[in-house]
Structures are given as structure tokens and as C-alpha cells.
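Structure file entry.txt; described as compact mmCIF, C-alpha atoms.
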# COMPACT_ATOMS: atom_id res chain seq x y z
CA MET D 4 112.45 81.16 105.60
CA GLN D 5 113.59 77.57 105.84
CA TYR D 6 112.96 75.07 103.03
CA ARG D 7 112.50 71.33 103.28
CA THR D 8 111.86 68.42 100.95
CA LEU D 9 108.23 67.33 100.82
CA GLY D 10 108.47 63.68 101.79
CA ARG D 11 110.31 61.78 99.07
CA THR D 12 108.98 63.89 96.19
CA GLY D 13 112.08 66.05 95.78
CA VAL D 14 109.88 69.18 95.87
CA GLN D 15 111.28 71.97 98.04
CA VAL D 16 108.68 73.71 100.22
CA SER D 17 108.79 76.50 102.77
CA SER D 18 108.56 75.58 106.46
CA LEU D 19 105.50 77.85 106.70
CA ALA D 20 102.69 77.37 104.20
CA LEU D 21 99.76 79.68 103.50
CA GLY D 22 96.40 78.14 104.35
CA ALA D 23 93.51 79.84 102.57
CA MET D 24 90.57 78.65 104.68
CA ASN D 25 89.86 82.22 105.77
CA PHE D 26 89.58 83.53 102.22
CA GLY D 27 85.97 84.42 101.50
CA ALA D 28 82.90 84.19 103.71
CA ILE D 29 84.54 82.17 106.50
CA GLY D 30 87.10 84.87 107.28
CA ARG D 31 85.07 87.76 105.84
CA THR D 32 87.94 88.58 103.48
CA THR D 33 87.57 90.27 100.10
CA GLN D 34 89.50 89.49 96.93
CA ASP D 35 91.73 92.50 97.60
CA ASP D 36 92.44 91.17 101.10
CA ALA D 37 93.28 87.71 99.77
CA THR D 38 95.54 89.06 97.01
CA ALA D 39 97.42 91.28 99.48
CA ILE D 40 97.95 88.31 101.82
CA VAL D 41 99.19 86.11 98.98
CA ASP D 42 101.52 88.88 97.74
CA ALA D 43 103.02 89.36 101.21
CA ALA D 44 103.31 85.62 101.83
CA LEU D 45 105.23 85.04 98.59
CA GLU D 46 107.44 88.03 99.30
CA GLY D 47 108.14 86.54 102.74
CA GLY D 48 109.40 83.31 101.17
CA ILE D 49 106.30 81.10 101.38
CA ASN D 50 105.91 78.94 98.28
CA VAL D 51 103.03 76.65 99.32
CA ILE D 52 99.35 77.67 99.18
CA ASP D 53 96.76 75.23 100.52
CA THR D 54 93.00 75.52 100.04
CA ALA D 55 89.98 73.19 99.68
CA ASP D 56 86.83 72.97 97.62
CA MET D 57 84.55 73.36 100.64
CA TYR D 58 86.15 76.51 102.06
CA SER D 59 83.36 79.07 101.70
CA ASP D 60 81.72 76.77 99.10
CA GLY D 61 84.49 77.21 96.55
CA GLN D 62 85.06 80.92 97.15
CA SER D 63 88.51 80.34 98.63
CA GLU D 64 89.68 78.47 95.52
CA GLU D 65 88.36 81.25 93.31
CA MET D 66 90.18 83.91 95.33
CA VAL D 67 93.41 81.92 95.37
CA GLY D 68 93.19 81.46 91.60
CA LYS D 69 92.84 85.18 90.99
CA ALA D 70 95.59 86.02 93.47
CA ILE D 71 98.16 83.71 91.85
CA ALA D 72 97.32 84.52 88.22
CA GLY D 73 100.49 84.97 86.21
CA ARG D 74 102.77 83.30 88.75
CA ARG D 75 101.25 79.87 89.19
CA ASP D 76 104.45 78.01 88.26
CA ASP D 77 106.30 79.54 91.22
CA ILE D 78 103.81 78.07 93.71
CA VAL D 79 103.24 74.59 95.10
CA LEU D 80 99.45 74.64 94.88
CA ALA D 81 97.40 72.28 97.03
CA THR D 82 93.68 71.73 97.40
CA LYS D 83 91.37 69.10 98.88
CA ALA D 84 88.11 67.26 98.25
CA ASN D 85 85.80 64.89 100.15
CA MET D 86 83.66 67.19 102.31
CA PRO D 87 80.01 67.82 101.27
CA MET D 88 79.49 70.37 98.49
CA GLY D 89 75.78 71.08 98.68
CA ASP D 90 72.88 68.81 99.60
CA GLU D 91 73.22 66.18 96.87
CA ARG D 92 74.23 62.94 98.60
CA ASN D 93 76.89 62.01 96.03
CA HIS D 94 78.54 65.44 95.99
CA GLN D 95 80.96 64.34 98.69
CA GLY D 96 83.23 61.48 99.66
CA SER D 97 86.14 59.76 97.95
CA SER D 98 84.46 57.80 95.16
CA ARG D 99 85.86 57.89 91.62
CA ARG D 100 82.56 59.41 90.49
CA TRP D 101 82.94 62.40 92.79
CA LEU D 102 86.69 62.96 92.71
CA VAL D 103 86.86 63.08 88.90
CA THR D 104 84.02 65.59 88.80
CA GLU D 105 85.15 67.72 91.72
CA LEU D 106 88.77 68.01 90.63
CA ASP D 107 87.55 69.56 87.37
CA ASN D 108 85.43 71.96 89.43
CA SER D 109 88.44 72.90 91.56
CA LEU D 110 90.65 73.43 88.50
CA ARG D 111 87.99 75.70 87.01
CA ARG D 112 87.66 77.74 90.20
CA LEU D 113 91.44 78.00 90.57
CA GLY D 114 91.89 78.88 86.90
CA VAL D 115 94.68 76.31 86.42
CA ASP D 116 95.17 73.09 84.46
CA HIS D 117 96.67 71.11 87.34
CA VAL D 118 97.33 71.18 91.08
CA ASP D 119 100.56 70.04 92.66
CA LEU D 120 98.97 68.28 95.62
CA TYR D 121 95.41 66.91 95.74
CA GLN D 122 94.37 65.79 99.22
CA ILE D 123 91.52 63.64 100.52
CA HIS D 124 90.13 65.90 103.23
CA ARG D 125 89.00 63.10 105.53
CA TRP D 126 88.98 59.32 105.44
CA ASP D 127 85.75 58.08 103.85
CA PRO D 128 84.72 54.77 105.51
CA ARG D 129 82.16 54.12 102.75
CA THR D 130 84.75 54.00 99.98
CA SER D 131 87.52 51.42 99.54
CA ASP D 132 91.13 52.52 99.39
CA GLU D 133 91.45 50.79 96.01
CA GLU D 134 88.57 52.86 94.57
CA THR D 135 90.04 56.15 95.76
CA LEU D 136 93.67 55.38 94.93
CA SER D 137 92.73 54.09 91.47
CA ALA D 138 90.89 57.34 90.68
CA LEU D 139 93.73 59.48 92.02
CA THR D 140 96.32 57.48 90.07
CA ASP D 141 94.36 58.00 86.85
CA LEU D 142 94.04 61.73 87.54
CA GLN D 143 97.79 61.85 88.14
CA ARG D 144 98.51 60.05 84.87
CA ALA D 145 96.18 62.47 83.09
CA GLY D 146 98.40 65.33 84.31
CA LYS D 147 95.69 67.00 86.38
CA ILE D 148 97.51 66.40 89.68
CA ARG D 149 101.21 65.94 90.35
CA TYR D 150 100.93 64.21 93.76
CA PHE D 151 98.18 63.26 96.15
CA GLY D 152 97.89 63.01 99.91
CA SER D 153 95.59 62.43 102.84
CA SER D 154 94.35 64.80 105.52
CA THR D 155 93.51 63.97 109.13
CA PHE D 156 93.62 60.22 108.58
CA PRO D 157 93.99 57.94 111.61
CA ALA D 158 97.37 56.23 111.70
CA TYR D 159 95.98 52.79 110.88
CA ARG D 160 94.21 54.18 107.79
CA ILE D 161 97.46 55.75 106.57
CA VAL D 162 99.09 52.33 106.84
CA GLN D 163 96.16 50.57 105.17
CA ALA D 164 96.26 53.00 102.22
CA GLN D 165 99.98 52.40 101.76
CA TRP D 166 99.38 48.64 101.65
CA ALA D 167 96.45 49.04 99.25
CA ALA D 168 98.61 51.09 96.87
CA ARG D 169 101.35 48.46 96.97
CA ASP D 170 99.03 45.47 96.58
CA ASN D 171 97.11 47.02 93.67
CA HIS D 172 100.13 48.59 91.93
CA LEU D 173 98.75 52.11 92.31
CA SER D 174 100.36 55.43 93.17
CA ARG D 175 100.35 56.18 96.88
CA TYR D 176 99.65 59.05 99.19
CA VAL D 177 102.89 61.02 99.59
CA THR D 178 101.69 63.47 102.25
CA GLU D 179 99.48 63.66 105.33
CA GLN D 180 97.91 66.83 106.72
CA PRO D 181 97.07 66.38 110.43
CA SER D 182 96.14 68.80 113.21
CA TYR D 183 99.12 69.46 115.49
CA SER D 184 100.01 72.03 118.12
CA ILE D 185 101.53 72.29 121.59
CA LEU D 186 98.04 71.74 123.02
CA GLN D 187 97.15 68.82 120.72
CA ARG D 188 100.11 66.44 120.62
CA GLY D 189 98.32 63.13 120.19
CA ILE D 190 99.68 62.51 116.69
CA GLU D 191 103.17 62.18 118.17
CA ALA D 192 102.11 58.77 119.52
CA ASP D 193 100.85 57.25 116.28
CA VAL D 194 100.48 59.37 113.13
CA LEU D 195 103.95 60.93 113.04
CA PRO D 196 105.80 57.62 113.57
CA VAL D 197 103.80 56.19 110.66
CA THR D 198 104.52 59.13 108.35
CA GLU D 199 108.23 58.81 109.15
CA GLU D 200 108.13 55.07 108.46
CA TYR D 201 106.58 55.61 105.01
CA GLY D 202 108.46 58.78 104.12
CA LEU D 203 105.39 61.02 103.89
CA GLY D 204 105.61 64.79 103.87
CA VAL D 205 103.59 66.33 106.73
CA LEU D 206 101.77 69.66 106.49
CA VAL D 207 100.26 70.40 109.89
CA TRP D 208 97.14 72.49 110.34
CA SER D 209 95.99 74.54 113.33
CA PRO D 210 99.49 75.01 114.81
CA LEU D 211 98.10 77.95 116.80
CA ALA D 212 95.32 75.72 118.19
CA SER D 213 92.44 77.78 116.78
CA GLY D 214 93.90 80.93 118.35
CA TRP D 215 94.67 79.56 121.80
CA LEU D 216 98.39 80.03 121.09
CA SER D 217 98.14 83.36 119.27
CA GLY D 218 98.75 85.44 122.39
CA ALA D 219 95.23 86.87 122.27
CA ILE D 220 93.76 84.42 124.79
CA ARG D 221 94.98 84.96 128.34
CA GLU D 222 93.65 84.70 131.88
CA GLY D 223 91.35 87.59 132.78
CA ARG D 224 90.74 88.71 129.20
CA ASP D 225 87.51 88.38 127.24
CA VAL D 226 87.94 85.97 124.34
CA THR D 227 87.16 87.96 121.22
CA THR D 228 88.91 85.98 118.49
CA SER D 229 87.14 85.37 115.20
CA ARG D 230 86.92 81.63 115.86
CA SER D 231 85.29 82.15 119.25
CA THR D 232 82.37 84.04 117.69
CA PHE D 233 81.09 80.97 115.85
CA MET D 234 82.53 78.22 118.06
CA PRO D 235 81.99 79.64 121.57
CA GLN D 236 81.91 76.20 123.22
CA ARG D 237 85.57 75.70 122.37
CA PHE D 238 86.55 78.77 124.37
CA ASP D 239 84.21 78.53 127.37
CA THR D 240 86.62 78.27 130.32
CA ALA D 241 83.89 76.63 132.41
CA VAL D 242 84.55 73.53 130.29
CA PRO D 243 87.31 71.46 131.96
CA ALA D 244 89.28 70.90 128.74
CA ASN D 245 89.25 74.62 128.01
CA ARG D 246 90.33 75.39 131.57
CA SER D 247 93.25 73.01 131.08
CA ARG D 248 94.19 74.76 127.87
CA LEU D 249 94.09 78.18 129.49
CA ASP D 250 96.25 76.99 132.38
CA ALA D 251 98.76 75.60 129.89
CA VAL D 252 98.72 78.84 127.88
CA GLU D 253 99.59 80.87 130.99
CA ARG D 254 102.57 78.62 131.71
CA LEU D 255 103.65 78.65 128.07
CA ALA D 256 103.50 82.46 128.01
CA LYS D 257 106.13 82.52 130.77
CA VAL D 258 108.35 80.17 128.77
CA ALA D 259 107.99 82.42 125.71
CA ASP D 260 108.75 85.57 127.71
CA GLU D 261 111.88 84.05 129.25
CA ALA D 262 113.08 82.97 125.79
CA GLY D 263 112.38 86.39 124.27
CA LEU D 264 109.74 84.98 121.94
CA THR D 265 106.13 85.75 121.10
CA MET D 266 103.55 83.04 121.70
CA ILE D 267 103.24 82.67 117.92
CA GLN D 268 106.97 82.11 117.57
CA LEU D 269 106.87 79.55 120.36
CA ALA D 270 103.91 77.72 118.81
CA LEU D 271 105.19 77.63 115.23
CA GLY D 272 108.77 76.94 116.30
CA PHE D 273 107.51 73.95 118.29
CA VAL D 274 105.67 72.19 115.46
CA THR D 275 108.35 72.84 112.84
CA ALA D 276 111.00 71.45 115.23
CA HIS D 277 109.59 67.92 114.99
CA PRO D 278 111.65 65.93 112.47
CA ALA D 279 108.52 64.39 110.94
CA VAL D 280 106.94 67.78 110.16
CA THR D 281 107.64 69.38 106.79
CA CYS D 282 105.72 72.62 107.19
CA ALA D 283 103.11 74.38 109.29
CA LEU D 284 99.99 75.84 107.71
CA ILE D 285 99.17 79.36 108.83
CA GLY D 286 95.74 80.81 108.07
CA PRO D 287 95.82 84.59 108.48
CA ARG D 288 92.68 86.68 108.00
CA THR D 289 94.60 89.95 107.80
CA LEU D 290 98.01 91.24 106.79
CA GLU D 291 98.71 91.98 110.45
CA HIS D 292 98.11 88.32 111.29
CA LEU D 293 100.35 87.23 108.43
CA HIS D 294 103.27 89.44 109.43
CA SER D 295 103.10 88.26 113.05
CA GLN D 296 103.26 84.66 111.83
CA LEU D 297 106.00 85.26 109.24
CA ALA D 298 108.12 86.55 112.13
CA ALA D 299 108.35 82.92 113.24
CA ALA D 300 109.77 81.69 109.92
CA ASP D 301 113.34 81.39 111.22
CA THR D 302 112.51 80.54 114.82
CA VAL D 303 114.56 77.65 116.17
CA LEU D 304 113.72 76.60 119.73
CA SER D 305 116.50 75.54 122.05
CA ALA D 306 116.48 72.17 123.79
CA ASP D 307 115.75 73.93 127.09
CA VAL D 308 112.64 75.58 125.65
CA LEU D 309 111.42 72.31 124.11
CA ASP D 310 112.00 70.55 127.46
CA ALA D 311 109.98 73.27 129.23
CA ILE D 312 107.10 72.75 126.78
CA ASP D 313 107.21 68.99 127.45
CA GLU D 314 106.84 69.72 131.17
CA ILE D 315 103.65 71.70 130.52
CA VAL D 316 102.02 69.43 127.93
CA ALA D 317 103.40 65.91 127.92
CA PRO D 318 104.43 64.39 124.56
CA GLY D 319 101.61 62.53 122.84
CA THR D 320 98.92 64.31 124.89
CA ASP D 321 95.78 66.03 123.58
CA LEU D 322 94.38 68.57 126.04
CA ALA D 323 91.08 68.53 124.13
CA PRO D 324 90.74 64.94 122.90
CA HIS D 325 87.05 65.48 122.08
CA GLU D 326 88.11 67.87 119.30
CA LYS D 327 90.10 65.28 117.38
CA PHE D 328 88.97 64.78 113.78
CA ASP D 329 90.38 61.32 113.14
CA THR D 330 88.31 59.34 115.63
CA PRO D 331 87.25 55.92 114.27
CA PRO D 332 83.54 55.98 113.31
CA ALA D 333 82.69 53.16 115.75
CA LEU D 334 83.58 55.40 118.68
CA LEU D 335 81.09 58.03 117.51
CA ASP D 336 78.17 55.87 116.35
CA PRO D 337 76.83 53.30 118.88
CA ALA D 338 75.24 51.29 116.07
CA LEU D 339 78.70 50.39 114.79
CA ARG D 340 79.61 48.85 118.15
CA ARG D 341 76.62 46.52 118.40
CA ARG D 342 75.48 43.44 116.55

Please re-express this file's structure in C-alpha cells.
Amino acid sequence: MQYRTLGRTGVQVSSLALGAMNFGAIGRTTQDDATAIVDAALEGGINVIDTADMYSDGQSEEMVGKAIAGRRDDIVLATKANMPMGDERNHQGSSRRWLVTELDNSLRRLGVDHVDLYQIHRWDPRTSDEETLSALTDLQRAGKIRYFGSSTFPAYRIVQAQWAARDNHLSRYVTEQPSYSILQRGIEADVLPVTEEYGLGVLVWSPLASGWLSGAIREGRDVTTSRSTFMPQRFDTAVPANRSRLDAVERLAKVADEAGLTMIQLALGFVTAHPAVTCALIGPRTLEHLHSQLAAADTVLSADVLDAIDEIVAPGTDLAPHEKFDTPPALLDPALRRR
């Protein structure tokens, strides 16, 4: 396992981090499953565990808390808030009212008195940066969080938040958690240059592109991954974007074979090779998945392999741009584009 400094915090983190989204109902995992995965991940050198309040309505946090009991101080523990938790209109977002309440809920579910990294799951256009940063700064000073970060923010919002922290003499986001993979490289054009400029640590999610780069999806095979069962439209090869992804996967498989690598090693080695990336979040549902991903922990891709990947998917290109999660609201809601 490789270790890197998380932004400018001085905290040393593993180049692979354990994402716990699949713990609970989403991944159909039991507490025993989750504990076994955490045990194996820590034994394999991982020291970062990332979850969120909304993963299986809090079940993931509860499972993580039980799995790390007695060894919490050896783990860089991260969670997130902002997504809806139930039907109440104010049980979501990035307001002081909600963040103060929901952090206490997360700490209770996790069974800890603080988290190392508290992340705003998505940019909230209804809440000012000053409001959110002020609340997070107070929670940090209270000792309930050590650092805080953003997740899937557009580049211009990352910059705006940095300015707001400076102008209002508040603590700032020290990390960003964007989606990044060989098939979704758009953040190379804007987000990653910004994180490098401001010295943010970067924890990338979906480095296997929702399973497209796991080796399980190939031409002529039925797609039977867990994700495809509840998001079939993302794997329907009659859709042009999905056809493009499958064509790229076939070409990437040849590159991996020639380099003596698995597709997982190619995919994880690619994202962790970028100098702006601190670590890649893996989200195994089973021990088998975890072990296949841990095998990529020391993978270092040669310049020839990285050049071959660039030939297949050009730098800064998203093969499925409609699946981006940081699109400005005005591009999604016509009412915001009209007087």
C-alpha cells in the first residue's frame, strides 16, 4: 500500500480508501459482511473509511461504527451530509440548522465523539458559503470534526468557497471528493487544476465507473452486475453513450492484457497516477471484490500504458457527460435560464 499526505493537513492516508456505500440495504450486506470487509481492508493497509448519512438511511454509518469499535484511533474516519434524510423539507442541505443536528446523528450512529473528515455531499445552491463554512468552523472548534471537505462540487464552486473562507476568516474545505475514472475524465479540465491550486486533498469515487471497468462487463456478455439491476439504463448498450463505453472497455482490456494487468489494476492505477489525486475510494460488496481491488494497491502504470489509455479516452473527456453530478442547476432547470 502506498501512503500520501491528505492535501496540506499532514495526515497520511492510504492510496486506496474503503467506501462504505454498499454496507446495508444498498449492497445487501450484513453486519458480519461489513465487519469482515473492514477487517480485511485494515489488514491490507487501508486506513481511510468513508461513509455518509444517507447510505441506506444511516445503516452504513451504524455498521461502520460497530466494525471499527475498539480501533477508531487507527482510522481516518470520513462521513458526509447534505442529501435528504426522510421527507421533512429541512432534513437536508447545508444550513447551520441541519448540519449541527445531522452531525450529532452521524456521531451517534458511528458510536464516536468526532469524525476526521466531514464532507458536504453536494453543493447546495440554496445556502450561502458563509452559512455553511461558519457552521463547519464552529463544529471544528467544538472538536466534533477535525477537517471538512466538499464532494462533487463544480470547479467554480470550489473556488468560491475558498474565497468565502478567506473573506470571512473561516476555516476552509481541505478536500474534494469527485467522480473520476478512465471513462469519466472531465474533472481533469477544471476540478483537478483547481484542487492543485488550492492544495486540496482529492478522494475520488467510482474509479471503476460503476462496474464498467471491473472486468465483468465485456462485449457479448450479459450485464449482471449489482448496479445494473437497479440502474439498467446506464448499462443498456443501445444507448450511444453506453455503446461508446463498451467500445472503450474492449480496447482497454487489450491494453491491460498486454501489460499483464487486470482491468481493476488498470483502472485504479490510472486514477492514483494523477498527481492531484490522493486516494481512490473502492466500494466492495464482498470480500472477493475487496481482495481483487487490494491487488491494485501497488500498481504503478508505465508511461506507455498511460499513453495508450489517452489514445482510447482523451484527457478531459467524459464518455457519459449526462451522468455528471456537478452540473450547474441552470442547465437542468429551464426556469433558471429565463426571466

(request) Show which residues sit within 10 Å of Ile78 (chain D), as a PyMOL selection string. Count only C-alpha atoms, and ignore same-chain residues fewer than 5 positions away. (result) chain D and resi 16+45+49-52+71+118-119

Go ahead and write the selection's residues with C-alpha atoms as a CSV table (one decimal), in the frame of the given file.
chain,number,residue,atom,x,y,z
D,16,VAL,CA,108.7,73.7,100.2
D,45,LEU,CA,105.2,85.0,98.6
D,49,ILE,CA,106.3,81.1,101.4
D,50,ASN,CA,105.9,78.9,98.3
D,51,VAL,CA,103.0,76.6,99.3
D,52,ILE,CA,99.4,77.7,99.2
D,71,ILE,CA,98.2,83.7,91.8
D,118,VAL,CA,97.3,71.2,91.1
D,119,ASP,CA,100.6,70.0,92.7

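Contact shell of Ala244 (chain D) at 9 Å (all atoms listed in the file; same-chain neighbours under 2 positions omitted): Arg237, Thr240, Ala241, Val242, Arg246, Ser247, Arg248, Leu249, Leu322, Ala323, Pro324 and His325 of chain D.
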
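Distances to His294 (chain D) were evaluated for D:Gly22, D:Asp132, D:Ala43, D:Gly48 using only C-alpha atoms, and the minimum falls at D:Ala43.
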
(request) Using only C-alpha atoms, determine which residues lie at most 8 Å from Arg188 (chain D), disregarding the query and same-chain residues fewer than 5 positions distant; provide the list as an NGL selection string. (result) :D and (183 or 318-321)

(request) Excluding Ser154 (chain D) and residues on its chain fewer than 2 positions from it, collect all residues at most 7 Å away from it, counting only C-alpha atoms, and give them as a PyMOL selection string. (result) chain D and resi 122-125+152+156+179-181

Resulting file, chosen residues, C-alpha atoms, as an mmCIF file, in the coordinates of the input:
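The result, stored in selection24.cif:
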data_model
loop_
_atom_site.group_PDB
_atom_site.id
_atom_site.type_symbol
_atom_site.label_atom_id
_atom_site.label_comp_id
_atom_site.auth_asym_id
_atom_site.auth_seq_id
_atom_site.Cartn_x
_atom_site.Cartn_y
_atom_site.Cartn_z
ATOM 1 C CA GLN D 122 94.370 65.790 99.220
ATOM 2 C CA ILE D 123 91.520 63.640 100.520
ATOM 3 C CA HIS D 124 90.130 65.900 103.230
ATOM 4 C CA ARG D 125 89.000 63.100 105.530
ATOM 5 C CA GLY D 152 97.890 63.010 99.910
ATOM 6 C CA PHE D 156 93.620 60.220 108.580
ATOM 7 C CA GLU D 179 99.480 63.660 105.330
ATOM 8 C CA GLN D 180 97.910 66.830 106.720
ATOM 9 C CA PRO D 181 97.070 66.380 110.430
#

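Nearest residue to Ala39 (chain D), choosing from D:Leu80, D:Ala317, D:Ala256, D:Ala70 and counting all atoms listed in the file: D:Ala70.
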
(request) Between D:Asn108, D:Thr330, D:Thr32, D:Gln163, single out the one closest to Leu290 (chain D), counting all atoms listed in the file. (result) D:Thr32

(request) Would you list the contacts of Asp313 (chain D) as a PyMOL selection string, taking every protein, DNA or RNA residue within 12 Å and counting only C-alpha atoms, but skipping same-chain residues closer than 3 positions in sequence? (result) chain D and resi 185-186+188+251+254-255+258+273+306-310+316-320

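Closest approach to Tyr6 (chain D) among D:Asp260, D:Glu65, D:Asp301, D:Glu91 is made by D:Asp301 (distances from all atoms listed in the file).
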
What would region 152-177 of chain D look like with N, CA and C atoms restored, written as a compact mmCIF listing (two decimals), in the coordinates of the input?
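The new file part19.txt reads:
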# COMPACT_ATOMS: atom_id res chain seq x y z
N GLY D 152 97.65 63.27 98.50
CA GLY D 152 97.89 63.01 99.91
C GLY D 152 96.60 62.86 100.67
N SER D 153 96.73 62.57 101.95
CA SER D 153 95.59 62.43 102.84
C SER D 153 95.58 63.59 103.83
N SER D 154 94.46 63.76 104.50
CA SER D 154 94.35 64.80 105.52
C SER D 154 93.55 64.28 106.70
N THR D 155 94.16 64.34 107.88
CA THR D 155 93.51 63.97 109.13
C THR D 155 93.07 62.51 109.12
N PHE D 156 93.89 61.65 108.56
CA PHE D 156 93.62 60.22 108.58
C PHE D 156 94.15 59.63 109.89
N PRO D 157 93.43 58.68 110.48
CA PRO D 157 93.99 57.94 111.61
C PRO D 157 95.23 57.18 111.14
N ALA D 158 96.12 56.89 112.06
CA ALA D 158 97.37 56.23 111.70
C ALA D 158 97.13 54.90 110.99
N TYR D 159 96.18 54.10 111.48
CA TYR D 159 95.98 52.79 110.88
C TYR D 159 95.44 52.89 109.46
N ARG D 160 94.71 53.99 109.15
CA ARG D 160 94.21 54.18 107.79
C ARG D 160 95.33 54.63 106.86
N ILE D 161 96.29 55.37 107.37
CA ILE D 161 97.46 55.75 106.57
C ILE D 161 98.21 54.49 106.15
N VAL D 162 98.40 53.58 107.12
CA VAL D 162 99.09 52.33 106.84
C VAL D 162 98.30 51.50 105.83
N GLN D 163 97.00 51.38 106.05
CA GLN D 163 96.16 50.57 105.17
C GLN D 163 96.21 51.09 103.74
N ALA D 164 96.21 52.42 103.56
CA ALA D 164 96.26 53.00 102.22
C ALA D 164 97.59 52.71 101.55
N GLN D 165 98.67 52.73 102.33
CA GLN D 165 99.98 52.40 101.76
C GLN D 165 100.00 50.95 101.27
N TRP D 166 99.43 50.06 102.05
CA TRP D 166 99.38 48.64 101.65
C TRP D 166 98.50 48.46 100.42
N ALA D 167 97.37 49.17 100.39
CA ALA D 167 96.45 49.04 99.25
C ALA D 167 97.12 49.52 97.96
N ALA D 168 97.90 50.60 98.05
CA ALA D 168 98.61 51.09 96.87
C ALA D 168 99.62 50.05 96.39
N ARG D 169 100.35 49.47 97.33
CA ARG D 169 101.35 48.46 96.97
C ARG D 169 100.70 47.22 96.36
N ASP D 170 99.65 46.73 97.01
CA ASP D 170 99.03 45.47 96.58
C ASP D 170 98.33 45.59 95.23
N ASN D 171 97.85 46.82 94.91
CA ASN D 171 97.11 47.02 93.67
C ASN D 171 97.92 47.76 92.60
N HIS D 172 99.21 47.94 92.88
CA HIS D 172 100.13 48.59 91.93
C HIS D 172 99.62 49.97 91.51
N LEU D 173 99.25 50.76 92.52
CA LEU D 173 98.75 52.11 92.31
C LEU D 173 99.70 53.13 92.93
N SER D 174 99.60 54.37 92.50
CA SER D 174 100.36 55.43 93.17
C SER D 174 99.86 55.57 94.59
N ARG D 175 100.70 56.13 95.46
CA ARG D 175 100.35 56.18 96.88
C ARG D 175 100.25 57.61 97.37
N TYR D 176 99.63 57.76 98.53
CA TYR D 176 99.65 59.05 99.19
C TYR D 176 101.09 59.38 99.56
N VAL D 177 101.51 60.62 99.27
CA VAL D 177 102.89 61.02 99.59
C VAL D 177 102.93 62.06 100.70
